[in-house]
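Remarks on the structure that follows.
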Amino acid sequence: MYDHQDIEKRNRLHWDTDKVYQTSEDVEKKRCYSLVMFPYPSGDGLHIGHARIYIGADIYARMRRMQGYRVLHPMGWDAFGLPAEGYALKQRKHPQETTKQNIVNFKKQCQLLGLSYDWDREINTTDPEFYKWTQWIFLQLYKKNLAYESHAPVNWCPICKTGLANEDLSNGKCERCDSAIERKPLRQWILRITEYADRLLNDLDTLDGWSDAVKEVQRNWIGRREGFLIPFQVPSAGASIEVFTTRPDTLFGCSFLALSPESRHIDTLLPYCTNSTKIEEYRRESYVAKEDEEVGSGVLLKDVSAIHPITGSTVPIYIARYVVGGYGTGAIFASPAHDERDFAFAKKHDLPIKRVISGDNMLPDTETAPTAILINSDTYDSTPYEKAKVVLAEAAGGRKKVVYRLQDWVFSRQRYWGEPIPLIHCQKCGVVPVPEKDLPVVLPECTSYEPTGTGESPLAAIEAWVSVKCPQCDGMGKRETNTMPQWAGSSWYHLRYIDPSNTTTLTDKEKEKQWMPVDIYTGGMEHAARHLIYARFWHKVLFDINMVSTSEPYTTLKTVGIVQAEGGGKMSKRSGNVVDPLAIAEHVGVDAVRVYLAHIAPFNQTVAWSNKGVAGPRRFLERVYAMREKVKDADTEEKITRLQHQTILAITADIEAYRFNTAISSLMIFTNALREMETVPKSAYSTLIRLLAPFAPYLADEIWHTLGNETSVHTAPFPKADTSLAQDETATIAVQVQGKTRGTVIVPRGSNQETVLEMIQRDTRLHDYTAKLTIKVFVKNKIISFV
RNA sequence: GCCGGAGUGGCGGAAUUGGUAUACGCGCACGACUUAAAAUCGUGUAUCGCAAGAUAUGUGGGUUCAAGUCCCACCUCCGGCACCA
């Protein structure tokens with residue numbers, strides 16, 4: 001038995017003092033920027049999910065380093081935001097203090113796991129020297145008119161007491177505290193991400209290293225739809241309502257208009273309605289959080305009506321919650337026979353349901369025809385419906401319009417623990433950006449930082465901080481008191497690792513060119529529609545202002561599968577089934593935990609933890625360790641040489657593709673082969689140890705030193721395969737009869753059909769099977785098939 | 001409902017372009033060592049069958065000399081989005 005704790009301690013010390021993982025800046029070398037999604041340093045410390053991500057990326061980075069690449073493999077802390085602030089509130093401490101403690105703990109845990117980060121490049125989003133540049137980027141967005149102030153209703157979490165972006169919701173609830181979301185008109189800073197929607201969508205096609213799963217999530221999230229804007233006049237109010245539709249072909253089936261409660265048209269029409277009280281009441285209710293919305297709810301706007309743009313007939317107008325405010329124009333025309341929701345509404349309010357497309361409708365007991373045509377549509381009858389879309393849209397005075405499900409990014413939070421938005425409100429000059437020389441705008445110290453719930457940030461109460469001279473007119477101004485969301489720092493942090501202590505710019509341009517884009521980015525799937533969209537957005541903005549040299553930040557993306565509790569299901573403190581990787585490591589050693597996680601399943605696949613399973617990798621490592629006593633300087637048998645080169649090929653390819661599970665299998669097969677030998681040739685063993693090094697860095701380095709090496713195995717060259725030596729000299733040919741495999745014959749590699757037949761004839765059993773049959777197919781080195 | 005992903009032994013899983021299904025590991029069984037147990041080492045382990053052999057990759061079809069892999073239909077599970085017009 002090896003003493004893992006002793007080995008880990010000594011080698012950690014040696015790695016540290018010898019700076020084994022320092023980033024090489026030698027531009028002659030091939031480069032590898034291996035980035036992991038940095039964590040929010042939670043009070044609970046590093047969990048098994050973190051471990052799986054970090055270990056995977058670490059295995060990759062370690063192999064690249066040994067292969068002679070200059071490797072940038074850094075780590076940092078995403079420490080602003082609601083979770084950090086919530087934790088501090090619970091502890092009744094200042095977030096600055098708890099964050100600091102948590103980072104110390106988290107960093108120690110990373111080091112225990114043997115992760116080969118270059119700690120000289122550690123970053124922290126809450127460090128003023130870091131968020132100075134987060135604020136700087138905000139100013140660039142502001143200058144480019146990509147940040148704007150709005151008073152429109154936004155998602156409001158009554159528990160977190162802050163406005164939230166759409167991305168922060170899950171099933172209409174607060175993603176953090178699961179409480180029902182309200183709509184609240186609020187002064188907000190919003191980023192115009194929709195301006196970049198098409199580029200965010202189209203450039204997905206250039207990301208060959210991303211999985212289709214992630215790209216699909218992003219495509220769906222962006223939700224690009226092509227349709228038309230159709231104007232409906234409301235003469236009595238002198239107004240015109242534009243509706244968005246993808247189905248102008250159903251215009252003749254229009255039986256009402258529906259407006260979202262958030263539609264500005266409501267304000268215009270309200271004075272002309274005789275039931276304005278009821279409408280206002282309905283509207284007010286819409287802002288309150290709802291568990292289950294009643295199907296078909298809505299109120300008629302009495303005594304105002306619209307004119308159908310083609311037929312000229314009168315169309316009633318409703319206020320209805322099923323129309324989403326932020327999508328399209330927040331107003332629709334309803335064609336109940338051809339839309340499920342319109343149908344439900346029409347049924348409830350007793351409105352006409354008129355079929356206008358043959359076969360395509362929501363009415364029961366009808367079939368859907370593939371080549372539908374218009375019916376009940378006056379002179380347009382018989383027009384194919386696809387064609388009718390354009391024809392009727394034109395007839396109605398409509399125009400083409402592209403809309404997105406993606407909405408602009410609500411970027412301000414009414415909370416304390418975030419980057420202050422670097423703007424000043426001046427009575428005379430309006431909104432004035434903080435001059436770049438005055439950055440960072442440092443988050444003020446305070447004793448009480450609880451959220452107020454009034455729609456104002458706690459910062460608003462810190463008079464001494466808020467009051468500031470206007471940079472333009474020198475008059476009295478007030479600082480913007482909203483802070484940035486949690487996702488700000490992570491939208492650009494990959495650039496700071498490149499040049500973490502630069503005081504004049506966010507990252508040196510020359511260095512940026514040396515390292516960007518990130519070669520391989522490893523993290524959780526849960527960031528597919530949030531961090532990964534935000535970061536791509538900011539990166540494109542930085543590209544447009546010539547701060548970065550590529551339009552995409554991350555070339556290859558690897559997402560990790562969830563580690564479930566023993567026997568399946570979610571780990572939770574409540575069920576007491578949380579697996580602490582470091583507690584397990586204390587018993588079996590870090591290396592065994594690493595090998596276990598690598599071997600257990602494909603990296604991106606969900607997997608259940610097994611306490612028993614982790615014993616296997618320890619056994620394996622123990623065997624590798626024990627074998628060193630049989631190692632002698634000796635010639636290697638051909639068989640072993642061949643297997644060795646095959647193993648190198650397999651493992652190299654597997655690590656490159658994040659197939660760690662099969663890499664470990666190959667390593668075990670090679671180990672088992674060596675174990676059968678009386679004496680193990682030193683060269684083979686040395687190869688084994690270097691192949692093992694990325695997976696089990698502690699034990700590998702320990703053994704490496706006992707083999708007489710002075711320096712670390714982690715700076716030793718990774719084994720290179722000789723393809724010609726990896727070739728088998730024989731081939732096993734499957735003999736199939738009528739599609740069934742009846743046996744095999746072994747022949748020299750590359751043998752022709754005649755040789756194979758000869759071998760079959762020597763085997764009486766196979767000979768009997770095949771004697772009267774003819775050869776249908778012969779594939780060299782693989783198969784011979786008789787019928 | 002829409003969009004993705006996946007169904008292979010008792011369990012986690014393996015299988016270049018269709019070419020010997022079940023590698024590797026866990027578990028289990030038996031054996032060796034031991035007074036004994038643990039650990040370790042060895043052997044075996046898809047199912048049925050004494051055997052020859054037959055049957056097996058979610059279900060049902062199809063293409064092919066040959067299908068886990070390709071095509072069609074369906075079922076189940078997981079993830080994402082969801083009153084998005």
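As shown in the structure tokens, the chain order sets the letters A, B, ...; within each chain, residues go from 1, and ligands are also counted from 1 in the order they appear.
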Could you list, as a PyMOL selection string, the residues of chain B having an atom within 6 Å of chain A when counting only C-alpha atoms (C1' of nucleotides)? chain B and resi 4+12+20+24+26+65-66+83+85
Got time to write the residues from that selection, N, CA and C atoms (P, O5', C5', C4', C3', O3' and C1' of nucleotides), as a CSV table (one decimal), in the first residue's frame?
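Generated output (part.csv):
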```
chain,number,residue,atom,x,y,z
B,4,G,P,-34.5,18.9,-33.3
B,4,G,O5',-33.2,19.1,-32.4
B,4,G,C5',-32.5,18.1,-31.9
B,4,G,C4',-31.7,18.4,-30.7
B,4,G,C3',-31.1,17.2,-30.0
B,4,G,O3',-29.9,16.9,-30.7
B,4,G,C1',-32.3,18.4,-28.4
B,12,G,P,-26.4,0.8,-15.2
B,12,G,O5',-25.0,1.4,-15.1
B,12,G,C5',-24.7,2.4,-14.2
B,12,G,C4',-23.3,2.9,-14.4
B,12,G,C3',-22.9,3.2,-15.8
B,12,G,O3',-23.4,4.5,-16.3
B,12,G,C1',-21.2,2.0,-14.8
B,20,U,P,-16.7,-7.2,-36.2
B,20,U,O5',-16.6,-8.8,-36.1
B,20,U,C5',-17.6,-9.6,-36.7
B,20,U,C4',-17.7,-10.8,-35.8
B,20,U,C3',-18.1,-10.5,-34.3
B,20,U,O3',-19.0,-11.5,-33.8
B,20,U,C1',-16.1,-11.6,-34.3
B,24,C,P,-11.0,-6.8,-20.7
B,24,C,O5',-11.1,-5.4,-20.0
B,24,C,C5',-10.0,-4.5,-20.2
B,24,C,C4',-10.3,-3.2,-19.5
B,24,C,C3',-10.9,-3.4,-18.0
B,24,C,O3',-9.8,-3.6,-17.1
B,24,C,C1',-12.3,-1.9,-19.2
B,26,C,P,-12.5,-3.6,-10.4
B,26,C,O5',-14.0,-3.3,-10.0
B,26,C,C5',-14.3,-2.1,-9.3
B,26,C,C4',-15.8,-2.0,-9.1
B,26,C,C3',-16.4,-3.2,-8.4
B,26,C,O3',-16.2,-3.1,-7.0
B,26,C,C1',-17.7,-2.6,-10.3
B,65,C,P,-27.3,-8.9,-50.4
B,65,C,O5',-26.6,-9.8,-49.3
B,65,C,C5',-26.8,-11.2,-49.3
B,65,C,C4',-25.9,-11.8,-48.3
B,65,C,C3',-25.9,-11.2,-46.9
B,65,C,O3',-27.0,-11.7,-46.1
B,65,C,C1',-23.7,-11.5,-47.6
B,66,A,P,-27.8,-10.6,-45.3
B,66,A,O5',-26.7,-10.1,-44.2
B,66,A,C5',-26.3,-11.0,-43.2
B,66,A,C4',-25.2,-10.3,-42.4
B,66,A,C3',-25.6,-9.0,-41.8
B,66,A,O3',-26.3,-9.3,-40.5
B,66,A,C1',-23.5,-8.8,-42.8
B,83,C,P,-45.3,30.8,-21.7
B,83,C,O5',-46.5,30.8,-22.6
B,83,C,C5',-46.9,29.6,-23.3
B,83,C,C4',-48.0,29.9,-24.4
B,83,C,C3',-47.7,31.2,-25.1
B,83,C,O3',-48.1,31.0,-26.5
B,83,C,C1',-49.8,31.3,-24.0
B,85,A,P,-44.0,32.0,-32.5
B,85,A,O5',-45.5,32.3,-32.9
B,85,A,C5',-45.7,33.4,-33.8
B,85,A,C4',-47.2,33.5,-33.9
B,85,A,C3',-47.6,34.8,-34.6
B,85,A,O3',-47.7,34.7,-36.0
B,85,A,C1',-48.8,34.6,-32.5
```
Might you pull out every residue within 10 Å of A:Lys173, with only C-alpha atoms (C1' of nucleotides) counted and same-chain residues fewer than 2 positions away left off, and present them as a list of chain:residue names?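 After dropping sequence-adjacent residues, the list is A:Asn155, A:Trp156, A:Cys157, A:Asp168, A:Leu169, A:Ser170, A:Asn171, A:Glu175, A:Arg176, A:Cys177, A:Asp178, A:Ser179, A:Ala180, A:Ile181, A:Glu182, A:Ala289, A:Lys290, A:Glu291.
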For the selection just defined, write its residues with N, CA, C and O atoms to a file, as a PDB file, in the first residue's frame.
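So the final result, stored in out_36.pdb, reads:
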```
ATOM      1  N   ASN A 155     -39.126  41.685 -14.984  1.00  0.00           N
ATOM      2  CA  ASN A 155     -39.320  40.598 -14.025  1.00  0.00           C
ATOM      3  C   ASN A 155     -38.801  41.040 -12.667  1.00  0.00           C
ATOM      4  O   ASN A 155     -37.672  41.525 -12.557  1.00  0.00           O
ATOM      5  N   TRP A 156     -39.606  40.865 -11.655  1.00  0.00           N
ATOM      6  CA  TRP A 156     -39.224  41.303 -10.311  1.00  0.00           C
ATOM      7  C   TRP A 156     -39.407  40.133  -9.359  1.00  0.00           C
ATOM      8  O   TRP A 156     -40.495  39.543  -9.287  1.00  0.00           O
ATOM      9  N   CYS A 157     -38.341  39.805  -8.633  1.00  0.00           N
ATOM     10  CA  CYS A 157     -38.461  38.756  -7.631  1.00  0.00           C
ATOM     11  C   CYS A 157     -38.704  39.396  -6.278  1.00  0.00           C
ATOM     12  O   CYS A 157     -37.869  40.148  -5.786  1.00  0.00           O
ATOM     13  N   ASP A 168     -32.710  34.762 -16.085  1.00  0.00           N
ATOM     14  CA  ASP A 168     -32.616  34.399 -14.666  1.00  0.00           C
ATOM     15  C   ASP A 168     -33.867  33.678 -14.180  1.00  0.00           C
ATOM     16  O   ASP A 168     -33.981  33.368 -12.993  1.00  0.00           O
ATOM     17  N   LEU A 169     -34.814  33.445 -15.094  1.00  0.00           N
ATOM     18  CA  LEU A 169     -36.036  32.751 -14.702  1.00  0.00           C
ATOM     19  C   LEU A 169     -35.979  31.299 -15.147  1.00  0.00           C
ATOM     20  O   LEU A 169     -35.324  30.952 -16.123  1.00  0.00           O
ATOM     21  N   SER A 170     -36.674  30.476 -14.393  1.00  0.00           N
ATOM     22  CA  SER A 170     -36.806  29.083 -14.783  1.00  0.00           C
ATOM     23  C   SER A 170     -38.257  28.682 -14.537  1.00  0.00           C
ATOM     24  O   SER A 170     -38.735  28.755 -13.406  1.00  0.00           O
ATOM     25  N   ASN A 171     -38.953  28.338 -15.599  1.00  0.00           N
ATOM     26  CA  ASN A 171     -40.387  28.043 -15.524  1.00  0.00           C
ATOM     27  C   ASN A 171     -41.190  29.199 -14.937  1.00  0.00           C
ATOM     28  O   ASN A 171     -42.106  28.989 -14.144  1.00  0.00           O
ATOM     29  N   GLU A 175     -34.974  31.805 -10.599  1.00  0.00           N
ATOM     30  CA  GLU A 175     -34.082  30.667 -10.716  1.00  0.00           C
ATOM     31  C   GLU A 175     -33.351  30.411  -9.400  1.00  0.00           C
ATOM     32  O   GLU A 175     -32.988  29.292  -9.080  1.00  0.00           O
ATOM     33  N   ARG A 176     -33.167  31.473  -8.612  1.00  0.00           N
ATOM     34  CA  ARG A 176     -32.421  31.345  -7.367  1.00  0.00           C
ATOM     35  C   ARG A 176     -33.280  30.870  -6.190  1.00  0.00           C
ATOM     36  O   ARG A 176     -32.914  29.969  -5.461  1.00  0.00           O
ATOM     37  N   CYS A 177     -34.447  31.531  -6.016  1.00  0.00           N
ATOM     38  CA  CYS A 177     -35.220  31.231  -4.799  1.00  0.00           C
ATOM     39  C   CYS A 177     -36.545  30.563  -5.116  1.00  0.00           C
ATOM     40  O   CYS A 177     -37.320  30.280  -4.215  1.00  0.00           O
ATOM     41  N   ASP A 178     -36.824  30.332  -6.400  1.00  0.00           N
ATOM     42  CA  ASP A 178     -38.005  29.586  -6.818  1.00  0.00           C
ATOM     43  C   ASP A 178     -39.328  30.296  -6.508  1.00  0.00           C
ATOM     44  O   ASP A 178     -40.381  29.684  -6.551  1.00  0.00           O
ATOM     45  N   SER A 179     -39.277  31.576  -6.165  1.00  0.00           N
ATOM     46  CA  SER A 179     -40.557  32.241  -5.891  1.00  0.00           C
ATOM     47  C   SER A 179     -41.157  32.783  -7.188  1.00  0.00           C
ATOM     48  O   SER A 179     -40.459  33.030  -8.162  1.00  0.00           O
ATOM     49  N   ALA A 180     -42.474  32.957  -7.161  1.00  0.00           N
ATOM     50  CA  ALA A 180     -43.193  33.413  -8.352  1.00  0.00           C
ATOM     51  C   ALA A 180     -42.783  34.845  -8.688  1.00  0.00           C
ATOM     52  O   ALA A 180     -42.599  35.677  -7.803  1.00  0.00           O
ATOM     53  N   ILE A 181     -42.652  35.097  -9.987  1.00  0.00           N
ATOM     54  CA  ILE A 181     -42.127  36.380 -10.459  1.00  0.00           C
ATOM     55  C   ILE A 181     -43.263  37.362 -10.729  1.00  0.00           C
ATOM     56  O   ILE A 181     -44.317  36.997 -11.261  1.00  0.00           O
ATOM     57  N   GLU A 182     -43.045  38.621 -10.340  1.00  0.00           N
ATOM     58  CA  GLU A 182     -43.993  39.677 -10.659  1.00  0.00           C
ATOM     59  C   GLU A 182     -43.453  40.487 -11.832  1.00  0.00           C
ATOM     60  O   GLU A 182     -42.309  40.348 -12.214  1.00  0.00           O
ATOM     61  N   ALA A 289     -47.669  38.186  -9.415  1.00  0.00           N
ATOM     62  CA  ALA A 289     -47.235  36.830  -9.734  1.00  0.00           C
ATOM     63  C   ALA A 289     -48.399  35.859  -9.717  1.00  0.00           C
ATOM     64  O   ALA A 289     -49.272  35.946  -8.855  1.00  0.00           O
ATOM     65  N   LYS A 290     -48.404  34.967 -10.689  1.00  0.00           N
ATOM     66  CA  LYS A 290     -49.494  33.988 -10.776  1.00  0.00           C
ATOM     67  C   LYS A 290     -48.932  32.575 -10.826  1.00  0.00           C
ATOM     68  O   LYS A 290     -47.956  32.313 -11.522  1.00  0.00           O
ATOM     69  N   GLU A 291     -49.559  31.698 -10.121  1.00  0.00           N
ATOM     70  CA  GLU A 291     -49.144  30.289 -10.175  1.00  0.00           C
ATOM     71  C   GLU A 291     -49.665  29.649 -11.459  1.00  0.00           C
ATOM     72  O   GLU A 291     -48.926  29.152 -12.270  1.00  0.00           O
TER      73      GLU A 291
END
```
What is the distance between atom CA of A:Ile375 and atom CA of A:Ser260, in Å to one decimal?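 Separation between atom CA of A:Ile375 and atom CA of A:Ser260: 29.7 Å.
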Stretch 173-364 of chain A: residues DSSP assigns to strand (DSSP E or B), reported as a PyMOL selection string: chain A and resi 173-174+180+182-185+188-191+209+224-234+239-245+256-259+299-307+314-319+331-334+357
Between B:A54, B:C3, B:A14, B:C41, which residue has the minimum interatomic distance to B:G79, considering only C-alpha atoms (C1' of nucleotides)? B:C3
Which neighbours of stretch 26-37 of chain A fall inside 10 Å, counting only C-alpha atoms (C1' of nucleotides), when residues of the same chain fewer than 6 positions from it are skipped, and could you give them as a ChimeraX atom specification? /A:50,53-58,60-62,64-65,67-78,117,490,493-494,497-498,514-524,527,531,554,556-558
Keeping only N, CA and C atoms, write the selected residues to a file as a compact mmCIF listing (two decimals), in the first residue's frame.
```
# COMPACT_ATOMS: atom_id res chain seq x y z
N HIS A 50 -18.02 20.28 -9.57
CA HIS A 50 -16.82 21.07 -9.86
C HIS A 50 -15.66 20.12 -10.18
N ILE A 53 -15.54 18.59 -13.63
CA ILE A 53 -15.15 19.57 -14.66
C ILE A 53 -13.65 19.84 -14.60
N TYR A 54 -13.18 20.19 -13.41
CA TYR A 54 -11.80 20.64 -13.28
C TYR A 54 -10.81 19.52 -13.59
N ILE A 55 -11.15 18.31 -13.17
CA ILE A 55 -10.26 17.18 -13.41
C ILE A 55 -10.19 16.89 -14.91
N GLY A 56 -11.33 16.95 -15.58
CA GLY A 56 -11.34 16.72 -17.03
C GLY A 56 -10.44 17.71 -17.75
N ALA A 57 -10.64 18.98 -17.45
CA ALA A 57 -9.83 20.02 -18.11
C ALA A 57 -8.36 19.89 -17.73
N ASP A 58 -8.13 19.45 -16.51
CA ASP A 58 -6.76 19.31 -16.02
C ASP A 58 -6.02 18.19 -16.74
N TYR A 60 -6.54 17.18 -19.73
CA TYR A 60 -6.23 17.70 -21.06
C TYR A 60 -5.03 18.65 -21.02
N ALA A 61 -5.08 19.58 -20.08
CA ALA A 61 -4.00 20.58 -19.99
C ALA A 61 -2.67 19.91 -19.67
N ARG A 62 -2.71 18.92 -18.81
CA ARG A 62 -1.48 18.23 -18.43
C ARG A 62 -0.85 17.50 -19.62
N ARG A 64 -1.20 18.29 -22.79
CA ARG A 64 -0.68 19.30 -23.70
C ARG A 64 0.65 19.87 -23.18
N ARG A 65 0.73 20.08 -21.89
CA ARG A 65 1.95 20.61 -21.30
C ARG A 65 3.10 19.64 -21.53
N GLN A 67 3.28 17.52 -23.84
CA GLN A 67 3.56 17.45 -25.28
C GLN A 67 4.34 18.65 -25.78
N GLY A 68 4.65 19.56 -24.86
CA GLY A 68 5.50 20.69 -25.23
C GLY A 68 4.74 21.94 -25.65
N TYR A 69 3.44 21.96 -25.41
CA TYR A 69 2.68 23.18 -25.70
C TYR A 69 2.96 24.21 -24.61
N ARG A 70 2.80 25.49 -24.96
CA ARG A 70 2.71 26.48 -23.88
C ARG A 70 1.25 26.50 -23.47
N VAL A 71 1.01 26.16 -22.22
CA VAL A 71 -0.36 25.94 -21.76
C VAL A 71 -0.77 27.04 -20.80
N LEU A 72 -1.91 27.65 -21.09
CA LEU A 72 -2.51 28.60 -20.15
C LEU A 72 -3.70 27.90 -19.52
N HIS A 73 -3.54 27.59 -18.24
CA HIS A 73 -4.60 26.86 -17.54
C HIS A 73 -4.80 27.56 -16.19
N PRO A 74 -5.67 28.58 -16.19
CA PRO A 74 -5.80 29.43 -15.03
C PRO A 74 -7.09 29.19 -14.23
N MET A 75 -7.17 29.84 -13.10
CA MET A 75 -8.37 29.71 -12.26
C MET A 75 -8.65 31.04 -11.56
N GLY A 76 -9.91 31.27 -11.28
CA GLY A 76 -10.30 32.50 -10.59
C GLY A 76 -11.67 32.36 -9.95
N TRP A 77 -12.20 33.49 -9.54
CA TRP A 77 -13.40 33.46 -8.70
C TRP A 77 -14.45 34.43 -9.20
N ASP A 78 -15.64 33.90 -9.41
CA ASP A 78 -16.78 34.69 -9.87
C ASP A 78 -17.59 35.04 -8.62
N TYR A 117 -3.23 24.44 -12.07
CA TYR A 117 -3.44 25.85 -12.42
C TYR A 117 -2.16 26.65 -12.18
N SER A 490 -18.11 37.43 -15.64
CA SER A 490 -17.83 36.20 -16.38
C SER A 490 -17.98 36.40 -17.89
N TYR A 493 -13.99 37.49 -18.49
CA TYR A 493 -12.87 37.14 -17.61
C TYR A 493 -11.76 36.37 -18.32
N HIS A 494 -12.15 35.62 -19.39
CA HIS A 494 -11.14 34.84 -20.11
C HIS A 494 -10.04 35.72 -20.66
N TYR A 497 -7.09 36.67 -17.70
CA TYR A 497 -6.07 35.67 -17.36
C TYR A 497 -4.81 35.85 -18.20
N ILE A 498 -5.01 36.39 -19.39
CA ILE A 498 -3.91 36.54 -20.33
C ILE A 498 -2.90 37.57 -19.82
N GLN A 514 -1.70 36.36 -28.86
CA GLN A 514 -0.95 35.13 -28.58
C GLN A 514 -1.84 34.02 -28.01
N TRP A 515 -2.89 34.42 -27.31
CA TRP A 515 -3.64 33.40 -26.56
C TRP A 515 -5.08 33.17 -27.00
N MET A 516 -5.69 34.16 -27.61
CA MET A 516 -7.11 34.00 -27.94
C MET A 516 -7.27 33.44 -29.36
N PRO A 517 -8.36 32.78 -29.68
CA PRO A 517 -9.45 32.43 -28.75
C PRO A 517 -9.08 31.26 -27.83
N VAL A 518 -9.86 31.09 -26.80
CA VAL A 518 -9.70 29.96 -25.89
C VAL A 518 -9.80 28.68 -26.72
N ASP A 519 -8.81 27.78 -26.56
CA ASP A 519 -8.82 26.56 -27.37
C ASP A 519 -9.88 25.58 -26.90
N ILE A 520 -9.96 25.44 -25.59
CA ILE A 520 -10.92 24.45 -25.08
C ILE A 520 -11.51 24.97 -23.77
N TYR A 521 -12.84 25.00 -23.72
CA TYR A 521 -13.57 25.58 -22.60
C TYR A 521 -14.44 24.50 -21.98
N THR A 522 -14.27 24.28 -20.69
CA THR A 522 -14.94 23.16 -20.03
C THR A 522 -15.85 23.67 -18.92
N GLY A 523 -17.08 23.19 -18.91
CA GLY A 523 -17.99 23.62 -17.86
C GLY A 523 -19.34 22.95 -17.95
N GLY A 524 -20.30 23.53 -17.27
CA GLY A 524 -21.62 22.91 -17.15
C GLY A 524 -22.57 23.34 -18.25
N HIS A 527 -25.04 26.57 -18.40
CA HIS A 527 -24.69 27.92 -18.86
C HIS A 527 -24.93 28.14 -20.35
N HIS A 531 -24.60 32.41 -19.50
CA HIS A 531 -23.22 32.87 -19.55
C HIS A 531 -22.65 32.78 -20.98
N TYR A 554 -14.65 31.26 -27.67
CA TYR A 554 -14.34 29.88 -27.28
C TYR A 554 -14.44 28.93 -28.47
N THR A 556 -13.60 25.54 -28.80
CA THR A 556 -14.19 24.25 -28.48
C THR A 556 -14.82 24.33 -27.10
N LEU A 557 -15.98 23.74 -27.00
CA LEU A 557 -16.69 23.75 -25.72
C LEU A 557 -16.96 22.32 -25.30
N LYS A 558 -16.59 21.99 -24.07
CA LYS A 558 -16.88 20.65 -23.55
C LYS A 558 -17.79 20.79 -22.34
```
Quick one: everything within 12 Å of A:Leu542, counting only C-alpha atoms (C1' of nucleotides), minus sequence neighbours fewer than 2 positions away in the same chain. Send it as a PyMOL selection string. chain A and resi 134+136-141+144+491-492+495+506-507+509+535-540+544-553
12 Å contact set for stretch 394-401 of chain A, only C-alpha atoms (C1' of nucleotides), chain neighbours under 6 positions out, as a ChimeraX atom specification: /A:224-233,241-252,307-312,328-329,379-380,387-388
Residues of stretch 253-476 of chain A in alpha helix (DSSP H) according to DSSP, as a ChimeraX atom specification? /A:265-269,276-286,340-349,385-395,463-466
Residue neighbourhood A:Arg92, 12 Å, only C-alpha atoms (C1' of nucleotides), exclusion window fewer than 5 positions, as a PyMOL selection string: chain A and resi 85-87+97-98+447-450
Atom CA of A:Tyr148 to atom CA of A:Ser457: how many Å, to one decimal? 18.2 Å
Neighbours of B:A29 within 12 Å (only C-alpha atoms (C1' of nucleotides); same-chain residues fewer than 6 positions away dropped), as a PyMOL selection string? chain B and resi 43-45
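Each of A:Val434, A:Ile373, A:Val402, A:Val595 was compared to A:Ala197 using only C-alpha atoms, and A:Val402 turns out to be the nearest.
Atom CA of A:Arg496 to atom CA of A:Ile123 spans 7.6 Å [interatomic distance, one decimal].
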